[in-house]
$ cat upload.csv   # CSV, C-alpha atoms
chain,number,residue,atom,x,y,z
C,25,MET,CA,28.9,-35.0,34.9
C,26,LYS,CA,30.3,-31.6,35.6
C,27,LEU,CA,29.0,-29.4,38.4
C,28,PRO,CA,27.9,-25.8,37.8
C,29,TRP,CA,30.3,-23.5,39.8
C,30,ARG,CA,27.4,-22.3,42.0
C,31,ARG,CA,27.3,-25.7,43.7
C,32,VAL,CA,30.9,-25.7,44.8
C,33,ARG,CA,32.1,-24.0,48.0
C,34,ASP,CA,35.8,-24.3,47.3
C,35,TRP,CA,38.6,-26.2,45.6
C,36,ARG,CA,42.4,-26.3,45.9
C,37,CYS,CA,45.1,-28.2,44.1
C,38,CYS,CA,47.1,-30.6,46.3
C,39,ALA,CA,49.2,-31.9,43.5
C,40,CYS,CA,47.8,-35.4,43.8
C,41,GLY,CA,48.4,-36.0,40.1
C,42,LYS,CA,45.1,-37.9,39.6
C,43,CYS,CA,43.9,-35.6,36.9
C,44,CYS,CA,47.2,-36.3,35.0
C,45,LEU,CA,46.4,-40.1,35.1
C,46,ALA,CA,42.7,-39.9,34.2
C,47,TYR,CA,42.6,-37.3,31.5
C,48,THR,CA,44.2,-36.7,28.1
C,49,PRO,CA,44.8,-32.9,27.9
C,50,LYS,CA,43.6,-31.1,24.8
C,51,LEU,CA,46.1,-28.8,23.2
C,52,THR,CA,45.7,-25.5,21.4
C,53,TYR,CA,47.4,-25.4,18.0
C,54,TYR,CA,50.1,-23.1,19.5
C,55,GLU,CA,50.7,-25.6,22.3
C,56,TYR,CA,50.9,-28.4,19.7
C,57,LEU,CA,53.6,-26.5,17.8
C,58,LYS,CA,55.7,-26.0,21.0
C,59,LEU,CA,55.7,-29.6,22.3
C,60,PRO,CA,57.9,-32.4,20.9
C,61,LYS,CA,55.8,-34.3,18.3
C,62,ARG,CA,56.5,-37.7,19.9
C,63,PHE,CA,54.4,-36.5,22.9
C,64,VAL,CA,51.4,-35.3,20.8
C,65,THR,CA,48.6,-37.2,19.1
C,66,GLU,CA,46.0,-35.9,16.7
C,67,LYS,CA,42.3,-37.1,16.6
C,68,ARG,CA,39.8,-35.6,14.2
C,69,GLY,CA,41.8,-32.4,13.7
C,70,ARG,CA,42.4,-31.8,17.5
C,71,TYR,CA,45.6,-32.3,19.3
C,72,TYR,CA,46.2,-34.0,22.6
C,73,ILE,CA,49.1,-35.0,24.8
C,74,ARG,CA,50.0,-38.6,24.0
C,75,LYS,CA,50.0,-40.8,27.1
C,76,LEU,CA,52.8,-43.3,27.9
C,77,GLY,CA,50.7,-46.1,29.1
C,78,ARG,CA,48.4,-44.4,31.5
C,79,ARG,CA,50.7,-41.6,32.4
C,80,CYS,CA,51.3,-38.1,31.0
C,81,PRO,CA,54.9,-38.0,29.7
C,82,PHE,CA,55.4,-34.8,31.6
C,83,GLN,CA,54.4,-36.3,35.0
C,84,ILE,CA,57.1,-37.5,37.3
C,85,ASP,CA,55.5,-39.1,40.4
C,86,ASN,CA,52.7,-36.7,40.8
C,87,LEU,CA,54.4,-33.5,39.6
C,88,CYS,CA,54.2,-31.8,36.2
C,89,ILE,CA,57.7,-31.0,34.9
C,90,ILE,CA,56.5,-28.5,32.3
C,91,GLN,CA,54.9,-26.0,34.6
C,92,SER,CA,55.9,-23.0,32.5
C,93,GLU,CA,54.6,-24.7,29.3
C,94,LYS,CA,51.7,-26.5,30.9
C,95,PRO,CA,48.7,-26.7,28.4
C,96,LEU,CA,45.8,-24.4,29.2
C,97,SER,CA,43.5,-27.4,29.7
C,98,CYS,CA,45.8,-28.6,32.5
C,99,LYS,CA,46.1,-25.1,34.0
C,100,LEU,CA,42.3,-24.9,34.2
C,101,PHE,CA,41.5,-28.3,35.6
C,102,PRO,CA,39.0,-28.9,37.3
C,103,PHE,CA,37.3,-25.9,35.6
C,104,SER,CA,35.8,-25.9,32.1
C,105,VAL,CA,34.4,-22.8,30.5
C,106,HIS,CA,31.7,-22.9,27.8
C,107,ARG,CA,29.7,-20.4,25.7
C,108,ARG,CA,26.4,-22.0,26.6
C,109,GLY,CA,25.1,-23.9,29.6
C,110,ASP,CA,23.0,-24.2,32.7
C,111,GLU,CA,21.8,-21.1,34.5
C,112,LEU,CA,23.7,-22.2,37.6
C,113,ALA,CA,26.9,-22.2,35.6
C,114,LEU,CA,26.5,-18.6,34.4
C,115,PHE,CA,29.3,-16.3,35.4
C,116,GLU,CA,29.5,-12.8,34.2
C,117,TYR,CA,33.1,-11.5,33.7
C,118,ASP,CA,34.2,-8.3,32.0
C,119,GLY,CA,30.8,-7.8,30.4
C,120,GLU,CA,30.6,-11.3,28.9
C,121,GLU,CA,28.7,-14.4,29.9
C,122,HIS,CA,30.6,-17.6,30.5
C,123,TYR,CA,29.3,-20.9,31.8
C,124,VAL,CA,31.8,-22.4,34.3
C,125,TYR,CA,31.7,-26.0,35.4
C,126,VAL,CA,33.8,-28.0,37.8
C,127,ASP,CA,34.8,-31.6,37.3
C,128,PRO,CA,33.8,-33.6,40.4
C,129,PHE,CA,36.6,-36.1,39.7
C,130,CYS,CA,39.0,-33.9,41.6
C,131,PRO,CA,39.1,-35.1,45.2
C,132,ASN,CA,39.6,-31.6,46.7
C,133,ILE,CA,36.2,-30.1,45.7
C,134,THR,CA,34.0,-29.0,48.6
C,135,LEU,CA,30.3,-28.6,47.8
C,136,GLY,CA,28.2,-25.8,49.1
C,137,HIS,CA,27.7,-22.0,48.7
C,138,PRO,CA,30.7,-20.6,46.7
C,139,SER,CA,33.3,-18.9,48.9
C,140,LYS,CA,35.0,-15.6,48.0
C,141,ALA,CA,38.3,-17.5,47.5
C,142,PHE,CA,36.6,-19.9,45.1
C,143,VAL,CA,35.1,-17.0,43.1
C,144,GLU,CA,38.7,-15.5,42.8
C,145,LYS,CA,39.8,-18.8,41.3
C,146,ILE,CA,37.1,-18.7,38.7
C,147,ILE,CA,38.1,-15.1,37.8
C,148,GLN,CA,41.7,-16.2,37.4
C,149,ALA,CA,40.5,-19.1,35.1
C,150,LEU,CA,38.4,-16.7,33.0
C,151,LYS,CA,41.4,-14.3,32.7
C,152,MET,CA,43.4,-17.2,31.3
C,153,VAL,CA,40.6,-18.4,28.9
C,154,THR,CA,40.1,-14.8,27.6
C,155,GLY,CA,43.9,-14.2,27.2
C,156,LYS,CA,44.0,-11.4,29.8
C,157,GLU,CA,46.4,-13.2,32.1
C,158,SER,CA,48.7,-16.2,31.9
C,159,ASP,CA,49.4,-16.5,35.7
C,160,PHE,CA,47.7,-19.5,37.2
C,161,SER,CA,49.3,-19.3,40.6
C,162,ILE,CA,46.1,-19.6,42.6
C,163,LEU,CA,44.9,-22.6,40.5
C,164,THR,CA,47.9,-24.7,41.3
C,165,CYS,CA,49.5,-26.2,44.4
C,166,HIS,CA,51.9,-24.0,46.4
C,167,SER,CA,53.1,-26.7,48.8
C,168,LEU,CA,56.9,-26.9,49.3
C,169,TYR,CA,56.4,-30.6,49.4
C,170,PHE,CA,54.5,-33.0,47.1
C,171,ARG,CA,53.5,-36.6,47.5
C,172,ASN,CA,55.0,-39.1,45.2
C,173,SER,CA,53.1,-42.1,43.8
C,174,SER,CA,53.9,-44.2,47.0
C,175,GLY,CA,52.6,-41.4,49.3
C,176,GLY,CA,56.0,-40.2,50.5
C,177,LEU,CA,56.8,-36.5,50.7
C,178,ILE,CA,59.4,-35.0,48.3
C,179,PRO,CA,60.8,-31.5,48.3
$ encode --input "upload.csv" --output "structure tokens"
Amino acid sequence: MKLPWRRVRDWRCCACGKCCLAYTPKLTYYEYLKLPKRFVTEKRGRYYIRKLGRRCPFQIDNLCIIQSEKPLSCKLFPFSVHRRGDELALFEYDGEEHYVYVDPFCPNITLGHPSKAFVEKIIQALKMVTGKESDFSILTCHSLYFRNSSGGLIP
């Protein structure tokens, strides 16, 4: 069950890679065209990244190796934006109504009253969804070090 954004105080990406293991990212048609076909699967007219076992083929340890070509669904995680939804998920941006949810699977979600920093992250996600911006810098980890699958730090 996804949480309406108004129930979340904050969130930050720590590059744990858990989302890459648990989810199969949906691709836009344009993203499908850009990726090597051996890494794509199609189900009922929709395209997804094909997992290699449980892993995303673009994940090494806990890092995404296609940052510049990362699918929109990956850039947005743990956010999802819908045209309809619960009143608590309503977020007005640029004169339009969007319903924004947060996936509680992500371990870095803090519940409570939304912080100003969290609202800025939602705005950046909406800019990407509406095509007004492609930068996702505040939605991804900025650490100089990441943890590999055994917990060690790598530069």
$ residues_around --input "upload.csv" --residues "C:Thr52" --least-positions-apart "5" --cutoff "12 Å" --atoms "all atoms listed in the file" --output "count of residues only"
17
$ closest_residue --input "upload.csv" --among "C:Lys151, C:Arg79, C:Lys42, C:Lys26" --to "C:Asp110" --atoms "all atoms listed in the file"
C:Lys26
$ atom_distance --input "upload.csv" --atom1 "atom CA of C:Cys40" --atom2 "atom CA of C:Ile133"
12.9 Å
$ residues_around --input "upload.csv" --residues "C:Tyr117" --least-positions-apart "5" --cutoff "8 Å" --atoms "all atoms listed in the file" --output "list in words"
His122, Ile147 and Leu150 of chain C
$ residues_around --input "upload.csv" --residues "C:Arg74" --least-positions-apart "5" --cutoff "8 Å" --atoms "only C-alpha atoms" --output "PDB file with C-alpha atoms, in the frame of the given file"
ATOM      1  CA  THR C  48      44.200 -36.700  28.100  1.00  0.00           C
ATOM      2  CA  ARG C  62      56.500 -37.700  19.900  1.00  0.00           C
ATOM      3  CA  PHE C  63      54.400 -36.500  22.900  1.00  0.00           C
ATOM      4  CA  VAL C  64      51.400 -35.300  20.800  1.00  0.00           C
ATOM      5  CA  THR C  65      48.600 -37.200  19.100  1.00  0.00           C
ATOM      6  CA  CYS C  80      51.300 -38.100  31.000  1.00  0.00           C
ATOM      7  CA  PRO C  81      54.900 -38.000  29.700  1.00  0.00           C
TER       8      PRO C  81
END
$ residues_near_point --input "upload.csv" --point "(37.9, -19.7, 37.2)" --cutoff "9 Å" --atoms "all atoms listed in the file" --output "list in words"
Trp29, Leu100, Phe103, Ser104, Val105, Val124, Phe142, Val143, Glu144, Lys145, Ile146, Ile147, Gln148, Ala149, Leu150, Lys151, Met152, Val153 and Leu163 of chain C
$ decode --input "upload.csv" --residues "stretch 48-143 of chain C" --atoms "C-alpha atoms" --output "PDB file, in the first residue's frame"
ATOM      1  CA  THR C  48      10.858  -4.330 -12.162  1.00  0.00           C
ATOM      2  CA  PRO C  49      11.011  -0.803 -13.612  1.00  0.00           C
ATOM      3  CA  LYS C  50       8.450   0.147 -16.227  1.00  0.00           C
ATOM      4  CA  LEU C  51       9.877   1.835 -19.321  1.00  0.00           C
ATOM      5  CA  THR C  52       8.453   4.509 -21.553  1.00  0.00           C
ATOM      6  CA  TYR C  53       8.465   3.644 -25.240  1.00  0.00           C
ATOM      7  CA  TYR C  54      11.387   6.023 -25.783  1.00  0.00           C
ATOM      8  CA  GLU C  55      13.361   4.352 -22.964  1.00  0.00           C
ATOM      9  CA  TYR C  56      12.562   0.963 -24.499  1.00  0.00           C
ATOM     10  CA  LEU C  57      14.008   2.113 -27.827  1.00  0.00           C
ATOM     11  CA  LYS C  58      17.261   3.308 -26.219  1.00  0.00           C
ATOM     12  CA  LEU C  59      18.075   0.203 -24.163  1.00  0.00           C
ATOM     13  CA  PRO C  60      19.632  -2.986 -25.549  1.00  0.00           C
ATOM     14  CA  LYS C  61      16.728  -5.363 -26.280  1.00  0.00           C
ATOM     15  CA  ARG C  62      18.326  -8.215 -24.324  1.00  0.00           C
ATOM     16  CA  PHE C  63      17.633  -6.150 -21.167  1.00  0.00           C
ATOM     17  CA  VAL C  64      13.983  -5.433 -21.974  1.00  0.00           C
ATOM     18  CA  THR C  65      10.847  -7.536 -21.652  1.00  0.00           C
ATOM     19  CA  GLU C  66       7.337  -6.799 -22.904  1.00  0.00           C
ATOM     20  CA  LYS C  67       4.119  -7.712 -21.085  1.00  0.00           C
ATOM     21  CA  ARG C  68       0.702  -6.787 -22.461  1.00  0.00           C
ATOM     22  CA  GLY C  69       2.073  -3.942 -24.582  1.00  0.00           C
ATOM     23  CA  ARG C  70       4.177  -2.446 -21.765  1.00  0.00           C
ATOM     24  CA  TYR C  71       7.942  -2.561 -21.504  1.00  0.00           C
ATOM     25  CA  TYR C  72      10.054  -3.365 -18.461  1.00  0.00           C
ATOM     26  CA  ILE C  73      13.705  -3.902 -17.613  1.00  0.00           C
ATOM     27  CA  ARG C  74      14.422  -7.640 -17.717  1.00  0.00           C
ATOM     28  CA  LYS C  75      15.933  -8.878 -14.464  1.00  0.00           C
ATOM     29  CA  LEU C  76      18.914 -11.204 -14.415  1.00  0.00           C
ATOM     30  CA  GLY C  77      17.756 -13.516 -11.685  1.00  0.00           C
ATOM     31  CA  ARG C  78      16.618 -11.039  -9.025  1.00  0.00           C
ATOM     32  CA  ARG C  79      18.933  -8.226 -10.082  1.00  0.00           C
ATOM     33  CA  CYS C  80      18.587  -5.334 -12.442  1.00  0.00           C
ATOM     34  CA  PRO C  81      21.184  -5.819 -15.201  1.00  0.00           C
ATOM     35  CA  PHE C  82      22.300  -2.223 -14.662  1.00  0.00           C
ATOM     36  CA  GLN C  83      22.984  -2.635 -10.949  1.00  0.00           C
ATOM     37  CA  ILE C  84      26.520  -3.360  -9.784  1.00  0.00           C
ATOM     38  CA  ASP C  85      26.579  -3.977  -6.057  1.00  0.00           C
ATOM     39  CA  ASN C  86      24.066  -1.317  -5.031  1.00  0.00           C
ATOM     40  CA  LEU C  87      24.840   1.231  -7.755  1.00  0.00           C
ATOM     41  CA  CYS C  88      23.051   2.019 -10.998  1.00  0.00           C
ATOM     42  CA  ILE C  89      25.522   2.155 -13.870  1.00  0.00           C
ATOM     43  CA  ILE C  90      23.141   3.962 -16.236  1.00  0.00           C
ATOM     44  CA  GLN C  91      22.544   7.116 -14.192  1.00  0.00           C
ATOM     45  CA  SER C  92      22.260   9.340 -17.278  1.00  0.00           C
ATOM     46  CA  GLU C  93      19.875   6.867 -18.992  1.00  0.00           C
ATOM     47  CA  LYS C  94      18.036   5.763 -15.856  1.00  0.00           C
ATOM     48  CA  PRO C  95      14.316   5.135 -16.584  1.00  0.00           C
ATOM     49  CA  LEU C  96      11.847   7.691 -15.262  1.00  0.00           C
ATOM     50  CA  SER C  97      10.250   5.095 -12.968  1.00  0.00           C
ATOM     51  CA  CYS C  98      13.657   4.565 -11.328  1.00  0.00           C
ATOM     52  CA  LYS C  99      14.332   8.296 -11.037  1.00  0.00           C
ATOM     53  CA  LEU C 100      10.986   8.805  -9.328  1.00  0.00           C
ATOM     54  CA  PHE C 101      11.167   5.975  -6.815  1.00  0.00           C
ATOM     55  CA  PRO C 102       9.716   5.954  -4.140  1.00  0.00           C
ATOM     56  CA  PHE C 103       7.242   8.456  -5.632  1.00  0.00           C
ATOM     57  CA  SER C 104       4.364   7.612  -7.922  1.00  0.00           C
ATOM     58  CA  VAL C 105       2.171  10.245  -9.524  1.00  0.00           C
ATOM     59  CA  HIS C 106      -1.429   9.586 -10.569  1.00  0.00           C
ATOM     60  CA  ARG C 107      -4.308  11.501 -12.179  1.00  0.00           C
ATOM     61  CA  ARG C 108      -6.755  10.420  -9.478  1.00  0.00           C
ATOM     62  CA  GLY C 109      -6.445   9.439  -5.873  1.00  0.00           C
ATOM     63  CA  ASP C 110      -6.998  10.123  -2.225  1.00  0.00           C
ATOM     64  CA  GLU C 111      -7.451  13.713  -1.028  1.00  0.00           C
ATOM     65  CA  LEU C 112      -4.353  13.326   1.185  1.00  0.00           C
ATOM     66  CA  ALA C 113      -2.324  12.619  -1.964  1.00  0.00           C
ATOM     67  CA  LEU C 114      -3.501  15.746  -3.809  1.00  0.00           C
ATOM     68  CA  PHE C 115      -0.650  18.074  -4.775  1.00  0.00           C
ATOM     69  CA  GLU C 116      -1.296  21.121  -6.915  1.00  0.00           C
ATOM     70  CA  TYR C 117       1.587  22.050  -9.177  1.00  0.00           C
ATOM     71  CA  ASP C 118       1.658  24.544 -12.017  1.00  0.00           C
ATOM     72  CA  GLY C 119      -2.131  24.876 -12.014  1.00  0.00           C
ATOM     73  CA  GLU C 120      -2.738  21.127 -12.270  1.00  0.00           C
ATOM     74  CA  GLU C 121      -3.819  18.513  -9.767  1.00  0.00           C
ATOM     75  CA  HIS C 122      -1.598  15.490  -9.213  1.00  0.00           C
ATOM     76  CA  TYR C 123      -1.955  12.682  -6.702  1.00  0.00           C
ATOM     77  CA  VAL C 124       1.422  11.831  -5.220  1.00  0.00           C
ATOM     78  CA  TYR C 125       2.131   8.659  -3.281  1.00  0.00           C
ATOM     79  CA  VAL C 126       5.250   7.315  -1.587  1.00  0.00           C
ATOM     80  CA  ASP C 127       6.146   3.630  -1.511  1.00  0.00           C
ATOM     81  CA  PRO C 128       6.721   2.593   2.130  1.00  0.00           C
ATOM     82  CA  PHE C 129       9.060  -0.194   0.948  1.00  0.00           C
ATOM     83  CA  CYS C 130      11.910   2.337   0.917  1.00  0.00           C
ATOM     84  CA  PRO C 131      13.742   2.156   4.271  1.00  0.00           C
ATOM     85  CA  ASN C 132      14.527   5.892   4.391  1.00  0.00           C
ATOM     86  CA  ILE C 133      11.010   7.237   4.700  1.00  0.00           C
ATOM     87  CA  THR C 134      10.239   9.247   7.825  1.00  0.00           C
ATOM     88  CA  LEU C 135       6.565   9.594   8.692  1.00  0.00           C
ATOM     89  CA  GLY C 136       5.040  12.814   9.961  1.00  0.00           C
ATOM     90  CA  HIS C 137       4.150  16.296   8.760  1.00  0.00           C
ATOM     91  CA  PRO C 138       5.888  16.994   5.397  1.00  0.00           C
ATOM     92  CA  SER C 139       9.064  19.073   5.685  1.00  0.00           C
ATOM     93  CA  LYS C 140       9.915  21.866   3.275  1.00  0.00           C
ATOM     94  CA  ALA C 141      12.765  19.732   1.867  1.00  0.00           C
ATOM     95  CA  PHE C 142      10.328  16.888   1.180  1.00  0.00           C
ATOM     96  CA  VAL C 143       7.931  19.215  -0.650  1.00  0.00           C
TER      97      VAL C 143
END
